[in-house]
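Q: My questions will all concern the structure given below.
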Amino acid sequence: MDLRTLFGSNDPIESGEAFTNRQAQWERVASALDRHLWRLNDPSFNVEDLEAPRTNVIMFHGVGGVGKSTLLRKIEAALTSAEQRPAQWGAPAWTGDRLLPIRIDLSRSAGMDFERVVLTIRLALAARVGRSLPSFDLALRRYWDAQHPGEPLEDYVRRTGLVGRFGQALPQQLQSAVGEIVGTLQLPGLVGSAAGQVTAALVSALRERRERAQALAGCARTAMLLEAEPDLDALSFYPHLLAWEISRLPAKSAVVPVILFDTFEDTADRHRDFERLLQRVVWLLPNAFFVISGRSRLSWAEESLQGQLDHTGPHDWPQLAAPAGQSARELGHQGGRQHLLGDFSPEDCDGYLARRLTHEGQPLIGPDIRAVITERSHGLPLHLDLAVARFLEIRRTGRAPEPADFDHTFPALIARTLSDLTDDERHVLRSASLLDAFDLDLATRAAGLPHQSAARRLIERPMVTEDPFALWPYHLHGAIRAALRSADDQGSDGWTPADWHRAAERALAALGDQWRSNEHPRASARTLLVACLRQGLRLARDHQLSDGLGWLTDAAFAYDSDAIWEPLAPPALPQGGERSSLALDSPADALAELLTTIARRQREHRERTVERLTDILATGLLPAELAEMAEYYRAKANRDIGNNEASRAGMQQVAAAGGRFALRARRGLAHAARIDGDFPTALAATHGLGFEGGEQRVVGDIWWAQADTGQALSAYEQARTEAEEHGNAGEQAIAQARIALTTAFTDPARGDDEIALATQLLQGLSQRATALIVHIATLARDAGADEVPDRAQVLRSELHVAGLTWLEPTLDVALAFHHAVLRNDQQLATVADHLRDTTDTGGYAYHADIALYLAGRPSPQSQTRWLDDEPAVRERWHTLVTDRRTYLNSPS
């Protein structure tokens with residue numbers, strides 16, 4: 001009972017207790033498991049009963065990083081051996097000799113699919129029981145042969161790492177199961193035959209009610225399961241056979257599986273497909289006990305999920321449902337099986353606040369206030385308690401509480417957080433609050449301390465969460481971090497604004513040193529670069545660190561050089577949302593907006609990119625070399641939307657400056673000459689560009705336009721090799737896309753392979769234009785297929801939405817190639833006329849020539865300066881068409 005609430009009002013207010021500890025969680029598991037074992041010993045218990053409610057589940061839920069996985073690992077260890085059970089947990093009422101704990105990590109990073117879930121359970125049983133389970137094993141063997149033809153199960157177990165946990169007993173046991181069935185049924189002719197034949201023989205024997213068959217596989221539904229198509233859906237029902245086999249094990253081999261499903265939230269998807277399969281396992285294995293952890297409560301007892309899961313509602317899951325007027329917390333205390341672990345998820349925050357204070361059965365705290373408290377709390381239990389106390393205090397004054405009363409942090413939260421910390425630990429805590437995530441070195445250097453001991457002690461505190469797989473493994477709880485950075489610090493050692501500014505300078509310098517040293521063992525250089533930029537830009541911007549951009553400038557150029565374009569957090573918009581001119585106050589503001597704009601151009605119209613870069617340049621905040629970056633990308637965006645003269649002027653300005661972007665600007669001028677159809681000038685401009693200037697890629701583009709595919713491919717392949725040698729994934733993908741486009745015209749079979757490789761290289765990159773080039777390549781590869789014109793129309797719409805109209809002439813060439821192959825003269829003429837109209841004043845006019853060349857016709861109005869004489873270029877393009885016709889007409 002909350003006595004403070006009881007004595008806080010003249011009105012009777014009901015309240016509920018909220019939080020538990022790890023010892024309590026163990027006691028609940030032990031109690032639930034004791035009841036489960038008691039139920040298994042009841043003579044009325046029947047594993048084949050598919051209608052009885054299920055009480056074989058206990059659920060622990062809470063926000064990420066609260067320790068759910070650690071708890072499940074400790075429970076697994078405690079069930080495995082009494083020596084591994086924490087002393088304070090105490091001994092359970094039962095002995096663990098029969099228990100078989102099986103922990104399964106369902107997180108996406110673990111790569112666990114449903115097939116591996118079933119295999120993991122069976123492998124654990126194989127290692128423990130040491131004998132075949134005939135009906136289940138035959139079904140599994142039949143499934144495996146159907147779904148993994150030619151792949152031995154032992155190879156799969158070894159490849160997935162499962163052999164390290166359980167050994168290699170299962171494959172032999174599956175084979176023994178087949179042999180046992182053959183021997184029992186006295187079918188010598190089937191010895192060594194395929195599982196399908198043995199299955200048919202067993203099903204026939206079961207249908208004929210042969211005594212030997214029923215003694216071996218007497219589960220009532222065995223025959224029906226073995227007759228079903230051995231697909232994933234059937235596999236999800238096989239646990240019914242497993243439950244039956246476990247129930248008939250001899251006493252010396254008897255076992256009770258305790259299956260621990262960790263990170264259950266990662267099974268969530270729009271249609272609950274994975275969750276439905278897992279729920280079947282729980283339902284069909286009533287003699288197993290399940291301990292599940294996830295971020296939110298299991299919703300299986302809710303009627304609203306009917307149709308999404310097989311078994312829903314309070315009848316099926318009586319211990320997962322909260323009766324009306326009873327909180328989930330109270331349900332956990334009174335025998336329910338859903339228990340909060342530490343912090344709340346947002347849904348649980350709202351539910352807790354709704355039930356925490358009630359008057360005549362109705363929530364005292366309204367939904368609008370609950371929403372504000374939930375957002376501010378970051379799921380921290382202490383914040384929720386403080387908000388409840390504040391609600392009562394305001395209500396006691398006679399004023400009705402409002403949402404604005406809770407849109408802040410609580411000084412008491414800081415006081416309680418800092419109360420048991422040493423001076424050095426408090427110093428590190430405040431410094432670390434400036435960082436989104438940190439390691440010992442970052443926290444120590446941000447604090448300006450000469451030793452890591454205080455930081456090491458701090459990370460052991462509950463307000464610090466650890467993700468061992470992250471680049472920087474530690475971060476402060478959100479509510480505590482927000483309180484430290486925004487609330488008035490009234491402590492005796494509270495920081496002044498100057499203290500915060502100096503700490504921000506130290507943190508920024510520490511990030512720069514980490515990036516430059518690149519000695520972090522957990523991440524690639526690129527991951528470290530992006531992470532340092534994200535934190536560094538925010539620090540410089542939020543704390544107005546105006547003494548030059550220092551390492552951020554070099555990091556910005558490194559970020560740009562790989563052309564991967566991971567999103568960077570944009571600066572906060574002023575009140576009112578979108579702005580026509582940027583409200584930038586410092587070089588850090590301008591740099592953050594510059595990099596964000598360059599990255600976002602892959603996802604927004606290039607006209608918007610030009611506008612943003614123009615606004616940034618107008619502020620005059622960028623140093624000269626970063627202003628060149630902005631000018632170069634503005635010129636590039638202008639080229640993409642057809643503003644060729646503006647693009648040329650920008651490229652000339654950057655090239656003349658001789659800075660870091662001079663080579664790229666010279667490449668831009670070579671592109672400009674190519675766009676104008678002046679190929680001799682374009683080729684001459686490529687000399688000396690080297691890898692930094694993208695020389696070989698530009699050369700490839702020039703030879704591609706001549707239909708000299710041999711020289712084009714040679715140049716593109718050299719560009720790809722150079723990019724690979726330099727570790728430049730973005731440039732490698734760009735070169736590969738050009739290779740895919742070229743081979744799509746010359747050799748559909750090879751083009752298919754090159755397109756697949758380009759698609760693979762683009763994974764994880766944000767290169768919209770390059771991805772669209774690959775899509776154009778697929779059209780050229782499929783030239784002659786009926787659906788090409790419709791696909792081209794869809795792709796044309798995508799180009800216009802993206803503001804990448806410079807790719808439309810290439811798309812039209814692919815479409816013209818299709819019509820030329822099919823001898824669709826009228827449609828080809830239409831494409832050529834469209835090209836002539838759309839390129840009359842905007843460059844790329846030579847594409848209209850190419851459309852006619854594909855039909856073997858000259859282009860009398862051409863102004864193009866080809867590298868060879870016009871008939872030779874025309875003949876090469878037309879040869880591509882005749883070669884494709886030959887390819888399509890040849891016998892497959």
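Just remember, in the structure tokens the first chain shown is A, the second B, etc., residues are 1-based per chain, and ligands are 1-based in the order shown.
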Please provide the set of residues having any atom within 12 Å of A:Asp262, restricted to only C-alpha atoms, with same-chain residues fewer than 5 positions apart removed, written as a VMD selection string.
A: chain A and resid 59 to 61 64 67 to 73 75 to 76 102 to 108 110 112 117 267 290 to 295
Q: Mind checking DSSP for stretch 692-782 of chain A and telling me the helix (DSSP H, G or I) residues as a count of residues only?
A: 75
Q: Fewer than 4 positions away in the same chain doesn't count, so skip those; otherwise give me all residues within 12 Å of A:Ala525, counting only C-alpha atoms, as a PyMOL selection string.
A: chain A and resi 471+514-521+529-532+555+558-559+562+727-728
Q: Could you dump the residues just selected with all heavy atoms as a short mmCIF file (atom, residue, chain, number, x, y, z; two decimals), in the first residue's frame?
A:
```cif
data_model
loop_
_atom_site.label_atom_id
_atom_site.label_comp_id
_atom_site.auth_asym_id
_atom_site.auth_seq_id
_atom_site.Cartn_x
_atom_site.Cartn_y
_atom_site.Cartn_z
N LEU A 471 29.27 0.51 -31.06
CA LEU A 471 30.55 1.17 -31.22
C LEU A 471 31.05 1.72 -29.89
O LEU A 471 32.18 1.47 -29.47
CB LEU A 471 30.41 2.30 -32.24
CG LEU A 471 31.63 3.20 -32.44
CD1 LEU A 471 32.80 2.39 -32.98
CD2 LEU A 471 31.28 4.35 -33.37
N GLN A 514 39.66 10.17 -31.26
CA GLN A 514 39.28 8.78 -31.55
C GLN A 514 39.19 8.54 -33.05
O GLN A 514 39.62 7.50 -33.56
CB GLN A 514 37.95 8.43 -30.88
CG GLN A 514 38.07 8.02 -29.44
CD GLN A 514 36.99 7.04 -29.02
OE1 GLN A 514 36.18 6.58 -29.81
NE2 GLN A 514 36.98 6.69 -27.74
N TRP A 515 38.60 9.49 -33.76
CA TRP A 515 38.48 9.30 -35.21
C TRP A 515 39.85 9.28 -35.88
O TRP A 515 40.14 8.43 -36.73
CB TRP A 515 37.61 10.40 -35.83
CG TRP A 515 37.65 10.33 -37.32
CD1 TRP A 515 37.21 9.29 -38.11
CD2 TRP A 515 38.19 11.30 -38.21
NE1 TRP A 515 37.44 9.57 -39.43
CE2 TRP A 515 38.04 10.79 -39.52
CE3 TRP A 515 38.77 12.56 -38.03
CZ2 TRP A 515 38.46 11.51 -40.65
CZ3 TRP A 515 39.19 13.26 -39.15
CH2 TRP A 515 39.04 12.74 -40.43
N ARG A 516 40.71 10.21 -35.49
CA ARG A 516 42.02 10.29 -36.15
C ARG A 516 42.86 9.06 -35.84
O ARG A 516 43.58 8.55 -36.71
CB ARG A 516 42.75 11.55 -35.69
CG ARG A 516 42.21 12.84 -36.30
CD ARG A 516 43.19 14.00 -36.08
NE ARG A 516 42.77 15.19 -36.78
CZ ARG A 516 42.22 16.26 -36.20
NH1 ARG A 516 42.02 16.26 -34.90
NH2 ARG A 516 41.88 17.31 -36.92
N SER A 517 42.78 8.56 -34.61
CA SER A 517 43.60 7.41 -34.26
C SER A 517 43.05 6.13 -34.88
O SER A 517 43.80 5.20 -35.19
CB SER A 517 43.68 7.26 -32.73
OG SER A 517 42.39 6.97 -32.19
N ASN A 518 41.73 6.08 -35.03
CA ASN A 518 41.07 4.92 -35.66
C ASN A 518 41.56 3.61 -35.05
O ASN A 518 41.87 2.66 -35.75
CB ASN A 518 41.30 4.92 -37.17
CG ASN A 518 40.36 3.95 -37.87
OD1 ASN A 518 39.32 3.59 -37.33
ND2 ASN A 518 40.73 3.53 -39.06
N GLU A 519 41.66 3.58 -33.73
CA GLU A 519 42.11 2.37 -33.05
C GLU A 519 40.98 1.64 -32.35
O GLU A 519 41.21 0.73 -31.58
CB GLU A 519 43.19 2.74 -32.02
CG GLU A 519 44.47 3.29 -32.65
CD GLU A 519 45.47 3.75 -31.62
OE1 GLU A 519 45.11 3.76 -30.42
OE2 GLU A 519 46.60 4.10 -31.99
N HIS A 520 39.75 2.06 -32.60
CA HIS A 520 38.62 1.44 -31.91
C HIS A 520 38.45 0.01 -32.42
O HIS A 520 38.32 -0.22 -33.62
CB HIS A 520 37.35 2.24 -32.16
CG HIS A 520 36.32 2.04 -31.12
ND1 HIS A 520 35.63 0.87 -30.97
CD2 HIS A 520 35.88 2.87 -30.13
CE1 HIS A 520 34.79 0.98 -29.95
NE2 HIS A 520 34.92 2.18 -29.43
N PRO A 521 38.42 -0.97 -31.54
CA PRO A 521 38.40 -2.37 -31.99
C PRO A 521 37.03 -2.86 -32.42
O PRO A 521 36.92 -3.95 -32.95
CB PRO A 521 38.86 -3.13 -30.74
CG PRO A 521 38.39 -2.28 -29.60
CD PRO A 521 38.53 -0.85 -30.08
N LEU A 529 33.75 6.97 -38.28
CA LEU A 529 33.68 8.32 -38.85
C LEU A 529 32.28 8.90 -38.69
O LEU A 529 32.10 10.02 -38.20
CB LEU A 529 34.08 8.28 -40.32
CG LEU A 529 33.69 9.50 -41.15
CD1 LEU A 529 34.50 10.71 -40.72
CD2 LEU A 529 33.89 9.23 -42.64
N VAL A 530 31.27 8.15 -39.11
CA VAL A 530 29.90 8.66 -39.08
C VAL A 530 29.45 8.90 -37.64
O VAL A 530 28.82 9.91 -37.33
CB VAL A 530 28.95 7.67 -39.79
CG1 VAL A 530 27.50 8.09 -39.62
CG2 VAL A 530 29.31 7.59 -41.27
N ALA A 531 29.81 7.99 -36.74
CA ALA A 531 29.41 8.15 -35.34
C ALA A 531 30.06 9.39 -34.73
O ALA A 531 29.41 10.15 -34.00
CB ALA A 531 29.78 6.90 -34.55
N CYS A 532 31.34 9.59 -35.02
CA CYS A 532 32.03 10.78 -34.49
C CYS A 532 31.45 12.05 -35.07
O CYS A 532 31.30 13.06 -34.37
CB CYS A 532 33.53 10.69 -34.79
SG CYS A 532 34.42 9.47 -33.81
N ALA A 555 36.89 15.43 -41.26
CA ALA A 555 35.92 14.35 -41.19
C ALA A 555 34.81 14.54 -42.23
O ALA A 555 34.31 13.57 -42.81
CB ALA A 555 35.31 14.28 -39.79
N ALA A 558 36.14 13.33 -45.46
CA ALA A 558 36.20 11.86 -45.45
C ALA A 558 34.81 11.27 -45.62
O ALA A 558 34.62 10.27 -46.33
CB ALA A 558 36.83 11.37 -44.15
N TYR A 559 33.82 11.86 -44.98
CA TYR A 559 32.43 11.40 -45.12
C TYR A 559 31.98 11.50 -46.57
O TYR A 559 31.35 10.59 -47.12
CB TYR A 559 31.53 12.25 -44.23
CG TYR A 559 30.05 12.07 -44.45
CD1 TYR A 559 29.38 10.98 -43.91
CD2 TYR A 559 29.32 12.99 -45.18
CE1 TYR A 559 28.01 10.80 -44.10
CE2 TYR A 559 27.95 12.83 -45.39
CZ TYR A 559 27.31 11.74 -44.85
OH TYR A 559 25.96 11.58 -45.05
N ASP A 562 33.51 8.74 -49.70
CA ASP A 562 33.08 7.38 -49.97
C ASP A 562 31.73 7.29 -50.66
O ASP A 562 31.34 6.20 -51.11
CB ASP A 562 33.01 6.59 -48.65
CG ASP A 562 34.39 6.26 -48.11
OD1 ASP A 562 35.35 6.36 -48.88
OD2 ASP A 562 34.50 5.93 -46.92
N GLY A 727 39.22 1.08 -51.00
CA GLY A 727 38.21 0.84 -49.98
C GLY A 727 37.03 1.78 -50.09
O GLY A 727 36.37 2.08 -49.10
N ASN A 728 36.73 2.24 -51.33
CA ASN A 728 35.64 3.19 -51.54
C ASN A 728 34.41 2.45 -52.05
O ASN A 728 34.26 2.22 -53.25
CB ASN A 728 36.08 4.27 -52.54
CG ASN A 728 35.11 5.44 -52.60
OD1 ASN A 728 33.90 5.24 -52.60
ND2 ASN A 728 35.65 6.64 -52.67
#
```
Q: Which of stretch 292-516 of chain A counts as strand (DSSP E) under DSSP, as a ChimeraX atom specification please?
A: /A:292-294,338-340,357-359,362-363,464-466,474-476
Q: How would the residues just chosen look if you wrote them out with all heavy atoms as a compact mmCIF listing (two decimals), in the first residue's frame?
A:
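Full text of out_25.txt as output:
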```
# COMPACT_ATOMS: atom_id res chain seq x y z
N ILE A 292 9.60 -16.18 -21.24
CA ILE A 292 9.72 -15.29 -22.40
C ILE A 292 10.08 -13.89 -21.91
O ILE A 292 9.55 -13.43 -20.89
CB ILE A 292 8.40 -15.25 -23.20
CG1 ILE A 292 8.03 -16.66 -23.67
CG2 ILE A 292 8.52 -14.32 -24.40
CD1 ILE A 292 6.71 -16.74 -24.41
N SER A 293 10.97 -13.22 -22.61
CA SER A 293 11.28 -11.82 -22.29
C SER A 293 11.12 -10.97 -23.55
O SER A 293 11.44 -11.41 -24.65
CB SER A 293 12.71 -11.69 -21.75
OG SER A 293 13.66 -11.80 -22.79
N GLY A 294 10.63 -9.77 -23.35
CA GLY A 294 10.45 -8.84 -24.47
C GLY A 294 10.19 -7.45 -23.94
O GLY A 294 10.12 -7.22 -22.73
N GLN A 338 2.64 -12.23 -16.13
CA GLN A 338 3.28 -11.14 -16.85
C GLN A 338 3.92 -10.21 -15.82
O GLN A 338 3.23 -9.65 -14.97
CB GLN A 338 2.26 -10.37 -17.69
CG GLN A 338 1.48 -11.25 -18.64
CD GLN A 338 1.66 -10.84 -20.09
OE1 GLN A 338 2.77 -10.52 -20.53
NE2 GLN A 338 0.60 -10.86 -20.85
N HIS A 339 5.24 -10.05 -15.91
CA HIS A 339 5.96 -9.28 -14.88
C HIS A 339 6.85 -8.23 -15.54
O HIS A 339 7.62 -8.54 -16.44
CB HIS A 339 6.82 -10.22 -14.03
CG HIS A 339 6.04 -11.30 -13.35
ND1 HIS A 339 5.22 -11.06 -12.27
CD2 HIS A 339 5.93 -12.62 -13.61
CE1 HIS A 339 4.65 -12.19 -11.89
NE2 HIS A 339 5.07 -13.15 -12.70
N LEU A 340 6.73 -7.01 -15.05
CA LEU A 340 7.57 -5.93 -15.53
C LEU A 340 8.96 -6.05 -14.95
O LEU A 340 9.12 -6.31 -13.75
CB LEU A 340 6.98 -4.58 -15.14
CG LEU A 340 7.81 -3.36 -15.55
CD1 LEU A 340 7.79 -3.20 -17.05
CD2 LEU A 340 7.29 -2.11 -14.87
N LEU A 357 -3.20 5.62 -9.91
CA LEU A 357 -4.14 6.37 -9.09
C LEU A 357 -5.53 6.22 -9.70
O LEU A 357 -5.73 6.57 -10.87
CB LEU A 357 -3.76 7.86 -9.03
CG LEU A 357 -2.38 8.21 -8.48
CD1 LEU A 357 -2.14 9.71 -8.60
CD2 LEU A 357 -2.23 7.75 -7.03
N THR A 358 -6.44 5.70 -8.94
CA THR A 358 -7.81 5.55 -9.43
C THR A 358 -8.79 6.07 -8.40
O THR A 358 -8.53 6.08 -7.19
CB THR A 358 -8.13 4.07 -9.73
OG1 THR A 358 -7.94 3.29 -8.54
CG2 THR A 358 -7.23 3.51 -10.83
N HIS A 359 -9.93 6.52 -8.89
CA HIS A 359 -10.99 7.01 -8.02
C HIS A 359 -12.30 6.42 -8.52
O HIS A 359 -12.70 6.65 -9.66
CB HIS A 359 -11.05 8.54 -8.06
CG HIS A 359 -12.04 9.13 -7.10
ND1 HIS A 359 -11.92 9.03 -5.73
CD2 HIS A 359 -13.18 9.84 -7.32
CE1 HIS A 359 -12.92 9.65 -5.14
NE2 HIS A 359 -13.71 10.15 -6.10
N GLN A 362 -11.97 4.52 -11.81
CA GLN A 362 -11.57 5.24 -13.02
C GLN A 362 -10.19 5.87 -12.83
O GLN A 362 -9.84 6.31 -11.73
CB GLN A 362 -12.58 6.34 -13.36
CG GLN A 362 -13.97 5.81 -13.68
CD GLN A 362 -13.96 4.91 -14.90
OE1 GLN A 362 -13.36 5.23 -15.93
NE2 GLN A 362 -14.61 3.75 -14.78
N PRO A 363 -9.37 5.94 -13.92
CA PRO A 363 -8.05 6.56 -13.81
C PRO A 363 -8.17 8.01 -13.36
O PRO A 363 -9.00 8.77 -13.89
CB PRO A 363 -7.47 6.45 -15.22
CG PRO A 363 -8.25 5.36 -15.87
CD PRO A 363 -9.62 5.40 -15.27
N VAL A 464 23.34 3.66 -16.12
CA VAL A 464 24.12 3.48 -17.34
C VAL A 464 23.77 2.12 -17.95
O VAL A 464 23.83 1.10 -17.27
CB VAL A 464 25.63 3.56 -17.07
CG1 VAL A 464 26.42 3.30 -18.34
CG2 VAL A 464 25.99 4.92 -16.49
N THR A 465 23.39 2.14 -19.21
CA THR A 465 23.03 0.91 -19.92
C THR A 465 24.16 0.52 -20.85
O THR A 465 24.82 1.39 -21.43
CB THR A 465 21.74 1.13 -20.73
OG1 THR A 465 20.75 1.69 -19.90
CG2 THR A 465 21.23 -0.18 -21.29
N GLU A 466 24.38 -0.77 -20.99
CA GLU A 466 25.47 -1.26 -21.83
C GLU A 466 24.94 -2.08 -22.99
O GLU A 466 24.07 -2.94 -22.83
CB GLU A 466 26.44 -2.12 -21.02
CG GLU A 466 27.62 -2.64 -21.86
CD GLU A 466 28.58 -3.50 -21.07
OE1 GLU A 466 28.26 -3.80 -19.90
OE2 GLU A 466 29.64 -3.88 -21.60
N TYR A 474 28.27 2.31 -23.89
CA TYR A 474 27.53 2.81 -22.74
C TYR A 474 26.70 4.04 -23.12
O TYR A 474 27.13 4.88 -23.92
CB TYR A 474 28.49 3.18 -21.60
CG TYR A 474 29.43 2.06 -21.24
CD1 TYR A 474 30.80 2.16 -21.49
CD2 TYR A 474 28.95 0.88 -20.66
CE1 TYR A 474 31.67 1.13 -21.17
CE2 TYR A 474 29.81 -0.16 -20.35
CZ TYR A 474 31.17 -0.04 -20.61
OH TYR A 474 32.01 -1.07 -20.31
N HIS A 475 25.52 4.14 -22.53
CA HIS A 475 24.74 5.38 -22.63
C HIS A 475 23.90 5.55 -21.38
O HIS A 475 23.52 4.58 -20.72
CB HIS A 475 23.86 5.39 -23.88
CG HIS A 475 22.81 4.33 -23.91
ND1 HIS A 475 23.03 3.08 -24.44
CD2 HIS A 475 21.52 4.32 -23.47
CE1 HIS A 475 21.94 2.35 -24.34
NE2 HIS A 475 21.01 3.08 -23.75
N LEU A 476 23.66 6.82 -21.06
CA LEU A 476 22.87 7.13 -19.87
C LEU A 476 21.39 6.90 -20.15
O LEU A 476 20.93 7.06 -21.28
CB LEU A 476 23.08 8.59 -19.46
CG LEU A 476 24.46 8.98 -18.92
CD1 LEU A 476 24.45 10.46 -18.56
CD2 LEU A 476 24.82 8.15 -17.71
```
Q: What's the separation between atom CA of A:His687 and atom CA of A:Arg664, in Å to one decimal place?
A: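 Those two atoms sit 12.5 Å apart.
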Q: Could you check how far atom CA of A:Asp137 sits from atom CA of A:Leu40, in Å to one decimal?
A: 23.4 Å
Q: Could you pull the residues within 9 Å of A:Val699, counting only C-alpha atoms, minus those fewer than 5 positions along the same chain, as a list in words?
A: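 Counting only C-alpha atoms, the residues come to Ala682, Leu683, Thr686, Gly694, Trp704, Gln711, Ala712, Ala715 and Tyr716 of chain A.
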Q: Go ahead and write the selection's residues with all heavy atoms as a PDB file, in the first residue's frame.
A:
```pdb
ATOM      1  N   ALA A 682      35.675  16.353 -74.271  1.00  0.00           N
ATOM      2  CA  ALA A 682      35.418  15.630 -73.030  1.00  0.00           C
ATOM      3  C   ALA A 682      36.541  14.653 -72.737  1.00  0.00           C
ATOM      4  O   ALA A 682      37.034  14.561 -71.603  1.00  0.00           O
ATOM      5  CB  ALA A 682      34.081  14.891 -73.116  1.00  0.00           C
ATOM      6  N   LEU A 683      36.985  13.893 -73.749  1.00  0.00           N
ATOM      7  CA  LEU A 683      38.041  12.915 -73.527  1.00  0.00           C
ATOM      8  C   LEU A 683      39.350  13.607 -73.156  1.00  0.00           C
ATOM      9  O   LEU A 683      40.071  13.143 -72.263  1.00  0.00           O
ATOM     10  CB  LEU A 683      38.235  12.055 -74.785  1.00  0.00           C
ATOM     11  CG  LEU A 683      39.195  10.873 -74.649  1.00  0.00           C
ATOM     12  CD1 LEU A 683      38.702   9.901 -73.575  1.00  0.00           C
ATOM     13  CD2 LEU A 683      39.355  10.160 -75.982  1.00  0.00           C
ATOM     14  N   THR A 686      39.661  14.551 -69.489  1.00  0.00           N
ATOM     15  CA  THR A 686      39.824  13.509 -68.468  1.00  0.00           C
ATOM     16  C   THR A 686      41.280  13.259 -68.110  1.00  0.00           C
ATOM     17  O   THR A 686      41.551  12.661 -67.057  1.00  0.00           O
ATOM     18  CB  THR A 686      39.214  12.179 -68.955  1.00  0.00           C
ATOM     19  OG1 THR A 686      39.948  11.700 -70.097  1.00  0.00           O
ATOM     20  CG2 THR A 686      37.743  12.352 -69.310  1.00  0.00           C
ATOM     21  N   GLY A 694      37.915  10.558 -60.656  1.00  0.00           N
ATOM     22  CA  GLY A 694      37.031   9.621 -61.345  1.00  0.00           C
ATOM     23  C   GLY A 694      37.335   9.485 -62.818  1.00  0.00           C
ATOM     24  O   GLY A 694      36.425   9.334 -63.641  1.00  0.00           O
ATOM     25  N   TRP A 704      31.034   4.582 -73.827  1.00  0.00           N
ATOM     26  CA  TRP A 704      29.698   3.973 -73.888  1.00  0.00           C
ATOM     27  C   TRP A 704      28.836   4.694 -74.917  1.00  0.00           C
ATOM     28  O   TRP A 704      28.096   4.061 -75.687  1.00  0.00           O
ATOM     29  CB  TRP A 704      29.035   4.035 -72.511  1.00  0.00           C
ATOM     30  CG  TRP A 704      27.674   3.404 -72.482  1.00  0.00           C
ATOM     31  CD1 TRP A 704      27.374   2.101 -72.255  1.00  0.00           C
ATOM     32  CD2 TRP A 704      26.409   4.060 -72.713  1.00  0.00           C
ATOM     33  NE1 TRP A 704      26.014   1.888 -72.338  1.00  0.00           N
ATOM     34  CE2 TRP A 704      25.388   3.075 -72.624  1.00  0.00           C
ATOM     35  CE3 TRP A 704      26.045   5.369 -73.010  1.00  0.00           C
ATOM     36  CZ2 TRP A 704      24.029   3.372 -72.801  1.00  0.00           C
ATOM     37  CZ3 TRP A 704      24.690   5.675 -73.198  1.00  0.00           C
ATOM     38  CH2 TRP A 704      23.705   4.675 -73.083  1.00  0.00           C
ATOM     39  N   GLN A 711      35.987  -0.803 -74.935  1.00  0.00           N
ATOM     40  CA  GLN A 711      36.747   0.225 -74.215  1.00  0.00           C
ATOM     41  C   GLN A 711      35.971   0.754 -73.013  1.00  0.00           C
ATOM     42  O   GLN A 711      36.560   1.077 -71.980  1.00  0.00           O
ATOM     43  CB  GLN A 711      37.102   1.372 -75.166  1.00  0.00           C
ATOM     44  CG  GLN A 711      38.093   0.984 -76.260  1.00  0.00           C
ATOM     45  CD  GLN A 711      38.847   2.193 -76.795  1.00  0.00           C
ATOM     46  OE1 GLN A 711      39.603   2.820 -76.062  1.00  0.00           O
ATOM     47  NE2 GLN A 711      38.629   2.486 -78.077  1.00  0.00           N
ATOM     48  N   ALA A 712      34.645   0.829 -73.141  1.00  0.00           N
ATOM     49  CA  ALA A 712      33.839   1.304 -72.016  1.00  0.00           C
ATOM     50  C   ALA A 712      33.957   0.344 -70.837  1.00  0.00           C
ATOM     51  O   ALA A 712      34.193   0.766 -69.698  1.00  0.00           O
ATOM     52  CB  ALA A 712      32.379   1.448 -72.435  1.00  0.00           C
ATOM     53  N   ALA A 715      37.351   0.526 -69.118  1.00  0.00           N
ATOM     54  CA  ALA A 715      37.481   1.701 -68.248  1.00  0.00           C
ATOM     55  C   ALA A 715      36.669   1.530 -66.966  1.00  0.00           C
ATOM     56  O   ALA A 715      37.151   1.814 -65.860  1.00  0.00           O
ATOM     57  CB  ALA A 715      37.031   2.956 -68.999  1.00  0.00           C
ATOM     58  N   TYR A 716      35.424   1.059 -67.102  1.00  0.00           N
ATOM     59  CA  TYR A 716      34.583   0.870 -65.920  1.00  0.00           C
ATOM     60  C   TYR A 716      35.191  -0.151 -64.965  1.00  0.00           C
ATOM     61  O   TYR A 716      35.166   0.017 -63.736  1.00  0.00           O
ATOM     62  CB  TYR A 716      33.191   0.399 -66.328  1.00  0.00           C
ATOM     63  CG  TYR A 716      32.336   1.459 -66.979  1.00  0.00           C
ATOM     64  CD1 TYR A 716      31.465   1.134 -68.027  1.00  0.00           C
ATOM     65  CD2 TYR A 716      32.355   2.777 -66.545  1.00  0.00           C
ATOM     66  CE1 TYR A 716      30.653   2.088 -68.619  1.00  0.00           C
ATOM     67  CE2 TYR A 716      31.559   3.747 -67.133  1.00  0.00           C
ATOM     68  CZ  TYR A 716      30.698   3.389 -68.175  1.00  0.00           C
ATOM     69  OH  TYR A 716      29.905   4.337 -68.761  1.00  0.00           O
TER      70      TYR A 716
END
```
